[in-house]
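Asks: The file below is final_7.csv, CSV, C-alpha atoms:
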```
chain,number,residue,atom,x,y,z
O,1,MET,CA,7.2,-116.5,11.5
O,2,PHE,CA,6.3,-113.7,9.1
O,3,LYS,CA,6.4,-109.8,9.0
O,4,ILE,CA,3.6,-107.3,8.7
O,5,SER,CA,3.5,-103.8,7.4
O,6,VAL,CA,1.0,-101.5,9.2
O,7,CYS,CA,-0.6,-99.0,6.8
O,8,LEU,CA,-2.3,-96.1,8.4
O,9,LEU,CA,-4.1,-93.2,6.8
O,10,THR,CA,-4.2,-89.8,8.6
O,11,PHE,CA,-5.8,-86.4,8.1
O,12,ASN,CA,-6.0,-84.1,11.1
O,13,SER,CA,-5.9,-87.2,13.3
O,14,ALA,CA,-4.3,-85.7,16.5
O,15,ARG,CA,-7.4,-86.3,18.7
O,16,LEU,CA,-6.9,-90.1,18.8
O,17,LEU,CA,-3.5,-90.7,17.4
O,18,ARG,CA,-1.8,-91.3,20.8
O,19,GLU,CA,-4.3,-94.1,21.4
O,20,VAL,CA,-4.2,-95.5,17.8
O,21,LEU,CA,-0.4,-95.7,17.4
O,22,PRO,CA,0.9,-97.7,20.5
O,23,PRO,CA,-0.9,-101.0,19.8
O,24,LEU,CA,-0.1,-100.8,16.1
O,25,ILE,CA,3.6,-100.2,16.9
O,26,ILE,CA,3.7,-103.5,18.8
O,27,ILE,CA,2.5,-105.3,15.7
O,28,ALA,CA,4.4,-103.5,13.0
O,29,ASP,CA,7.6,-104.7,11.4
O,30,ASP,CA,7.2,-101.7,9.1
O,31,PHE,CA,5.0,-98.7,9.5
O,32,VAL,CA,3.6,-96.7,6.6
O,33,VAL,CA,1.7,-93.5,7.4
O,34,VAL,CA,0.1,-91.7,4.4
O,35,ASP,CA,-1.2,-88.2,5.3
O,36,SER,CA,-3.4,-86.2,3.0
O,37,GLY,CA,-2.6,-82.7,4.3
O,38,SER,CA,-3.0,-82.5,8.1
O,39,THR,CA,-2.9,-79.0,9.6
O,40,ASP,CA,-3.1,-80.1,13.3
O,41,THR,CA,-0.4,-81.8,15.3
O,42,THR,CA,-0.7,-85.2,13.5
O,43,LEU,CA,2.7,-85.0,11.9
O,44,GLU,CA,4.4,-84.0,15.1
O,45,ILE,CA,2.8,-86.9,17.0
O,46,CYS,CA,4.0,-89.3,14.3
O,47,ARG,CA,7.6,-87.9,14.7
O,48,GLU,CA,7.3,-88.4,18.5
O,49,TYR,CA,6.9,-92.1,17.8
O,50,GLY,CA,9.7,-92.2,15.3
O,51,ILE,CA,7.3,-92.7,12.3
O,52,ASP,CA,8.0,-91.2,8.9
O,53,VAL,CA,5.0,-89.8,7.1
O,54,HIS,CA,4.4,-90.0,3.4
O,55,HIS,CA,2.2,-87.3,1.8
O,56,ARG,CA,-0.4,-87.8,-0.9
O,57,PRO,CA,-3.5,-85.6,-1.8
O,58,PHE,CA,-6.7,-87.5,-1.0
O,59,ASP,CA,-9.0,-88.7,-3.8
O,60,ILE,CA,-10.9,-91.6,-2.5
O,61,HIS,CA,-10.2,-93.9,0.5
O,62,GLY,CA,-9.5,-97.1,-1.5
O,63,GLN,CA,-6.9,-95.4,-3.8
O,64,GLN,CA,-5.2,-93.8,-0.8
O,65,MET,CA,-4.9,-97.2,1.0
O,66,ASN,CA,-3.7,-98.9,-2.1
O,67,TYR,CA,-0.9,-96.4,-2.4
O,68,ALA,CA,0.1,-97.1,1.2
O,69,ILE,CA,0.1,-100.8,0.5
O,70,SER,CA,2.2,-100.3,-2.6
O,71,ILE,CA,5.1,-98.6,-0.7
O,72,ALA,CA,5.0,-101.1,2.3
O,73,ALA,CA,8.1,-103.2,2.9
O,74,HIS,CA,6.2,-106.5,3.3
O,75,ASP,CA,3.5,-108.4,1.5
O,76,TRP,CA,1.4,-109.0,4.6
O,77,VAL,CA,-0.3,-105.7,5.4
O,78,LEU,CA,-2.6,-104.5,8.3
O,79,CYS,CA,-4.6,-101.5,7.0
O,80,MET,CA,-6.0,-99.1,9.5
O,81,ASP,CA,-7.7,-95.7,9.7
O,82,SER,CA,-6.7,-93.2,12.3
O,83,ASP,CA,-10.0,-93.4,14.2
O,84,GLU,CA,-9.7,-97.2,14.9
O,85,ILE,CA,-8.1,-98.4,18.2
O,86,LEU,CA,-7.1,-102.1,18.6
O,87,ASP,CA,-7.6,-103.7,22.0
O,88,GLU,CA,-5.2,-106.0,23.7
O,89,GLN,CA,-6.9,-109.2,22.5
O,90,VAL,CA,-6.6,-108.2,18.9
O,91,VAL,CA,-3.0,-107.3,19.3
O,92,ASN,CA,-2.1,-110.6,21.1
O,93,TYR,CA,-4.0,-112.6,18.4
O,94,ILE,CA,-2.0,-110.9,15.6
O,95,LEU,CA,1.3,-111.4,17.5
O,96,LYS,CA,0.6,-115.1,18.0
O,97,LEU,CA,-0.3,-115.3,14.3
O,98,LYS,CA,3.0,-113.7,13.3
O,99,ALA,CA,5.0,-116.1,15.5
O,100,GLY,CA,3.6,-119.1,13.7
O,101,GLU,CA,4.2,-120.4,10.2
O,102,GLU,CA,3.6,-117.9,7.4
O,103,PRO,CA,0.0,-118.4,6.1
O,104,THR,CA,-0.8,-119.2,2.5
O,105,PRO,CA,-1.3,-115.9,0.5
O,106,GLU,CA,-5.1,-116.3,0.1
O,107,ARG,CA,-5.6,-116.1,3.9
O,108,ALA,CA,-7.1,-112.9,5.2
O,109,TRP,CA,-8.5,-111.7,8.5
O,110,GLN,CA,-11.4,-109.4,9.5
O,111,LEU,CA,-11.3,-106.9,12.3
O,112,PRO,CA,-14.2,-106.8,14.9
O,113,ARG,CA,-15.1,-103.1,14.6
O,114,TYR,CA,-17.5,-101.5,17.1
O,115,TRP,CA,-18.8,-98.1,16.1
O,116,TYR,CA,-18.9,-95.0,18.4
O,117,VAL,CA,-20.7,-91.8,17.6
O,118,LEU,CA,-20.3,-88.7,19.8
O,119,GLY,CA,-18.3,-90.8,22.2
O,120,LYS,CA,-21.1,-93.5,22.7
O,121,GLU,CA,-21.3,-97.0,21.2
O,122,VAL,CA,-24.1,-97.3,18.7
O,123,ARG,CA,-25.8,-100.3,17.1
O,124,THR,CA,-26.2,-98.8,13.7
O,125,LEU,CA,-24.7,-96.0,11.6
O,126,TYR,CA,-26.1,-95.8,8.1
O,127,PRO,CA,-25.5,-98.0,6.1
O,128,ILE,CA,-23.7,-100.3,8.6
O,129,SER,CA,-24.7,-102.3,11.7
O,130,SER,CA,-22.2,-102.5,14.5
O,131,PRO,CA,-20.1,-104.5,14.9
O,132,ASP,CA,-19.0,-105.0,11.3
O,133,PHE,CA,-16.1,-107.1,10.2
O,134,PRO,CA,-14.0,-105.5,7.4
O,135,VAL,CA,-11.0,-107.4,6.0
O,136,ARG,CA,-7.9,-105.5,7.1
O,137,LEU,CA,-5.1,-108.1,7.4
O,138,PHE,CA,-4.2,-109.7,4.1
O,139,ASN,CA,-1.5,-110.4,1.5
O,140,ARG,CA,-1.2,-107.6,-1.0
O,141,GLN,CA,-0.3,-110.1,-3.8
O,142,ARG,CA,-3.8,-111.5,-3.6
O,143,ALA,CA,-6.0,-108.5,-2.5
O,144,ARG,CA,-6.5,-104.8,-2.7
O,145,PHE,CA,-9.1,-102.1,-1.9
O,146,ASN,CA,-11.8,-101.4,-4.5
O,147,ASP,CA,-12.6,-98.0,-5.9
O,148,ARG,CA,-16.0,-97.4,-4.2
O,149,PRO,CA,-16.2,-93.7,-3.3
O,150,VAL,CA,-17.7,-94.5,0.1
O,151,ASP,CA,-17.5,-97.7,2.2
O,152,ASP,CA,-14.9,-99.4,0.1
O,153,GLN,CA,-13.8,-103.0,0.7
O,154,VAL,CA,-10.9,-105.3,0.2
O,155,ILE,CA,-11.4,-107.5,-2.9
O,156,GLY,CA,-9.5,-110.5,-4.1
O,157,GLU,CA,-9.2,-114.3,-3.8
O,158,MET,CA,-9.3,-114.7,-0.1
O,159,THR,CA,-10.3,-117.1,2.7
O,160,CYS,CA,-11.3,-114.9,5.6
O,161,GLU,CA,-11.7,-115.4,9.3
O,162,LYS,CA,-12.6,-113.1,12.1
O,163,ILE,CA,-10.1,-111.9,14.7
O,164,PRO,CA,-11.4,-112.0,18.3
O,165,GLY,CA,-11.5,-108.9,20.4
O,166,ARG,CA,-12.7,-105.3,19.8
O,167,VAL,CA,-11.6,-102.4,17.6
O,168,ARG,CA,-13.1,-99.2,18.7
O,169,HIS,CA,-14.1,-97.2,15.7
O,170,ASP,CA,-14.4,-93.7,17.2
O,171,THR,CA,-16.1,-91.9,14.3
O,172,PHE,CA,-17.9,-88.6,14.4
O,173,HIS,CA,-16.7,-87.2,17.7
O,174,THR,CA,-18.7,-83.9,17.2
O,175,LEU,CA,-21.8,-82.9,15.3
O,176,HIS,CA,-19.6,-80.6,13.2
O,177,GLU,CA,-17.4,-83.5,12.1
O,178,MET,CA,-20.5,-85.6,11.4
O,179,PHE,CA,-22.1,-83.1,9.1
O,180,ASN,CA,-18.8,-82.3,7.4
O,181,LYS,CA,-18.3,-86.0,6.6
O,182,LEU,CA,-21.9,-86.3,5.5
O,183,ASN,CA,-21.4,-83.5,3.0
O,184,SER,CA,-18.1,-85.1,1.8
O,185,TYR,CA,-19.4,-88.6,1.4
O,186,THR,CA,-22.5,-87.6,-0.5
O,187,SER,CA,-20.5,-85.3,-2.8
O,188,ARG,CA,-18.1,-88.2,-3.5
O,189,LEU,CA,-21.0,-90.5,-4.3
O,190,VAL,CA,-22.4,-88.0,-6.9
O,191,LYS,CA,-18.9,-87.5,-8.4
O,192,TYR,CA,-17.9,-91.1,-8.8
O,193,ARG,CA,-21.2,-93.0,-9.1
O,194,ASP,CA,-24.2,-92.7,-11.4
O,195,ILE,CA,-26.8,-91.5,-8.9
O,196,ARG,CA,-30.3,-91.0,-10.4
O,197,PRO,CA,-31.0,-87.2,-10.3
O,198,SER,CA,-34.4,-87.1,-8.6
O,199,VAL,CA,-35.7,-85.0,-5.7
O,200,LEU,CA,-38.8,-87.2,-5.3
O,201,ARG,CA,-36.6,-90.3,-5.1
O,202,GLY,CA,-34.5,-88.5,-2.5
O,203,ILE,CA,-37.6,-87.7,-0.4
O,204,ILE,CA,-38.8,-91.3,-0.6
O,205,SER,CA,-35.4,-92.6,0.3
O,206,ALA,CA,-35.1,-90.3,3.2
O,207,ILE,CA,-38.4,-91.3,4.6
O,208,GLY,CA,-37.5,-95.0,4.3
O,209,ALA,CA,-34.1,-94.3,6.0
O,210,PHE,CA,-35.8,-92.5,8.9
O,211,PHE,CA,-38.0,-95.5,9.6
O,212,LYS,CA,-35.3,-98.2,9.1
O,213,TRP,CA,-32.3,-96.5,10.7
O,214,TYR,CA,-34.0,-94.5,13.5
O,215,LEU,CA,-37.3,-96.2,14.4
O,216,PHE,CA,-37.0,-99.9,13.4
O,217,SER,CA,-33.3,-100.1,14.4
O,218,GLY,CA,-34.0,-98.9,17.9
O,219,ALA,CA,-31.8,-95.8,17.6
O,220,TRP,CA,-34.6,-93.8,19.2
O,221,ARG,CA,-33.7,-95.5,22.5
O,222,GLU,CA,-30.2,-94.0,22.4
O,223,GLY,CA,-31.3,-90.4,23.2
O,224,LYS,CA,-29.5,-87.6,21.5
O,225,VAL,CA,-26.9,-89.9,19.9
O,226,GLY,CA,-29.7,-92.0,18.4
O,227,ALA,CA,-31.3,-88.8,17.1
O,228,ALA,CA,-28.0,-87.8,15.5
O,229,THR,CA,-27.5,-91.1,13.8
O,230,GLY,CA,-31.2,-91.1,12.6
O,231,LEU,CA,-30.8,-87.6,11.2
O,232,TYR,CA,-27.5,-88.7,9.5
O,233,ALA,CA,-29.3,-91.6,7.8
O,234,THR,CA,-32.2,-89.4,6.7
O,235,LEU,CA,-30.0,-86.6,5.3
O,236,TYR,CA,-27.6,-88.9,3.7
O,237,SER,CA,-30.4,-90.7,1.8
O,238,PHE,CA,-31.9,-87.4,0.7
O,239,MET,CA,-28.7,-85.4,-0.1
O,240,LYS,CA,-27.2,-87.9,-2.5
O,241,TYR,CA,-30.2,-87.7,-4.8
O,242,PHE,CA,-30.6,-83.9,-4.3
O,243,LYS,CA,-27.0,-83.2,-5.2
O,244,ALA,CA,-27.3,-85.4,-8.3
O,245,TRP,CA,-30.4,-83.5,-9.3
O,246,TYR,CA,-28.7,-80.2,-8.6
O,247,ALA,CA,-25.6,-81.1,-10.6
O,248,HIS,CA,-27.9,-82.4,-13.5
O,249,LYS,CA,-29.7,-79.0,-13.6
O,250,GLU,CA,-26.4,-77.1,-13.5
O,251,GLU,CA,-25.1,-79.2,-16.5
O,252,LYS,CA,-28.3,-78.6,-18.4
O,253,PHE,CA,-28.2,-74.8,-17.7
O,254,SER,CA,-24.5,-74.6,-18.7
O,255,ALA,CA,-25.2,-76.6,-22.0
O,256,THR,CA,-28.2,-74.3,-22.8
O,257,THR,CA,-26.2,-71.2,-22.1
O,258,GLU,CA,-23.3,-72.4,-24.2
O,259,ASP,CA,-25.7,-73.3,-27.1
O,260,HIS,CA,-27.3,-69.9,-26.9
O,261,GLU,CA,-24.0,-68.1,-26.9
O,262,LYS,CA,-22.9,-70.0,-30.0
O,263,ARG,CA,-26.2,-69.1,-31.9
O,264,THR,CA,-25.8,-65.4,-31.0
O,265,THR,CA,-22.2,-65.0,-32.1
```
Represent the supplied structure as structure tokens.

Replies:
Amino acid sequence: MFKISVCLLTFNSARLLREVLPPLIIIADDFVVVDSGSTDTTLEICREYGIDVHHRPFDIHGQQMNYAISIAAHDWVLCMDSDEILDEQVVNYILKLKAGEEPTPERAWQLPRYWYVLGKEVRTLYPISSPDFPVRLFNRQRARFNDRPVDDQVIGEMTCEKIPGRVRHDTFHTLHEMFNKLNSYTSRLVKYRDIRPSVLRGIISAIGAFFKWYLFSGAWREGKVGAATGLYATLYSFMKYFKAWYAHKEEKFSATTEDHEKRTT
């Protein structure tokens, strides 16, 4: 038998939190919630369930999760986001796992994550096909999250297997939320990665994304939700290059202005 710390990241998570917390509480021997500045009732809901909340400003997801892991009481950690809901089969599998002998530290498990957009299950959401199987249960002595600005992953020396069941990943509940996250994700990519500054490349990438993630993926069959995910893929592909181009132009303008001021003083 071994113990598991559940690590959960929150930010204005009240919409789903009463569905997210109960199955995790069944699993948890220790519960770590790290909040990045919620202004809704997230903190009150956590207190209702007797869960203390740690506060940390958000930089990137991987670093936030690694912080939660670092303050957990146990080496075995189950890492979750506040829009992911475990079903009974997943919970029962993990409980059975806990009741057995402690695994060797290199063992790790992947969650079966099914994506929902605007309340409907989808087959794709750029750049991911659903279901995907992220590593979320592991020993922190052997693994950690990497520093990718978007779509980070657990890295380390691991032997992984998939947990049976379903995890409902209820992302982008509204169009407003979808476009807000689109803007945030593309800004993070430009800030933390070396994106080639090119409007032409952005246009070509957007056209390719439209064909791959809307037409060829079959998203067009999913009505308005498919249209939303197709638009998301198209804009995401364009905006990361456009923002890089815009930032490059801003830097060149600032450098030119500064040089001109130095010559005229």

Asks: Give me, as a list in words, all polymer residues having an atom no more than 9 Å from Leu21 in chain O, counting only C-alpha atoms and skipping those fewer than 6 positions away in the same chain.

Replies: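 Non-adjacent residues within range: Cys46, Tyr49, Ser82 and Ile85 of chain O.
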
Asks: Could you check the closest approach to Val122 in chain O for each of O:Ala99, O:Ile45, O:Ile163, O:Ala228 and tell me which residue wins, using all atoms listed in the file?

Replies: O:Ala228

Asks: Figure out the distance between CA of Thr10 in chain O and CA of Pro105 in chain O, please, to one decimal in Å.

Replies: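 Taking CA of Pro105 in chain O as the start and CA of Thr10 in chain O as the end point, the length is 27.5 Å.
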
Asks: May I ask which of the residues O:Leu24, O:Val135, O:Leu189, O:Leu175 is the closest one to Leu86 in chain O, counting only C-alpha atoms?

Replies: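 Among O:Leu24, O:Val135, O:Leu189, O:Leu175, it is O:Leu24 that comes nearest to Leu86 in chain O.
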
Asks: I'd like to know which of O:Arg15, O:Lys181, O:Lys162, O:Lys224 is closest to Ile94 in chain O, using all atoms listed in the file.

Replies: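 Answer, going by the shortest atom-to-atom distance: O:Lys162.
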
Asks: At what distance in Å, to one decimal, does CA of Ser129 in chain O lie from CA of Leu97 in chain O?

Replies: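 So the answer is 27.8 Å.
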
Asks: Find the residue from O:Gly100, O:Gly50, O:Pro197, O:Gly208 that sits nearest to Thr234 in chain O; use only C-alpha atoms when measuring.

Replies: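 Result for the nearest residue to Thr234 in chain O: O:Gly208.
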
Asks: Give me, as a list in words, all polymer residues having an atom no more than 9 Å from range 151-159 of chain O, counting all atoms listed in the file and skipping those fewer than 5 positions away in the same chain.

Replies: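 Listed by chain and then number, they are His61, Gly62, Pro105, Glu106, Arg107, Ala108, Trp109, Pro127, Pro134, Val135, Arg136, Phe138, Arg142, Ala143, Arg144, Phe145 and Asn146 of chain O.
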
Asks: What's around Asp29 in chain O at 7 Å? Count all atoms listed in the file, leave out sequence neighbours fewer than 2 positions away in its own chain, and write the answer as an MDAnalysis selection string.

Replies: chainID O and resid 3:5 27 31

Asks: Select all residues near (-11.4, -89.6, -5.7) (cut-off 10 Å, inclusive, file coordinates), counting only C-alpha atoms, and output them as a list of chain:residue names.

Replies: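 Every residue inside that radius is included here: O:Pro57, O:Phe58, O:Asp59, O:Ile60, O:His61, O:Gly62, O:Gln63, O:Gln64, O:Asp147, O:Arg148, O:Pro149, O:Val150, O:Arg188, O:Leu189, O:Lys191, O:Tyr192.
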
Asks: Need the shell around Ala68 in chain O: protein/DNA/RNA residues with any atom at most 12 Å away, counting only C-alpha atoms. Skip same-chain ones fewer than 4 positions apart. Format as JSON, numbers by chain?

Replies: {"O": [5, 6, 7, 8, 9, 10, 30, 31, 32, 33, 34, 35, 36, 53, 54, 55, 56, 58, 61, 62, 63, 64, 72, 73, 74, 75, 77, 78, 79, 80, 81, 140, 144, 145]}

Asks: Between O:Val90, O:Ile204, O:Leu125, O:Ala247, which residue has the minimum interatomic distance to Gly230 in chain O, considering only C-alpha atoms?

Replies: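 Checking each candidate against Gly230 in chain O, we get O:Leu125 as the closest.
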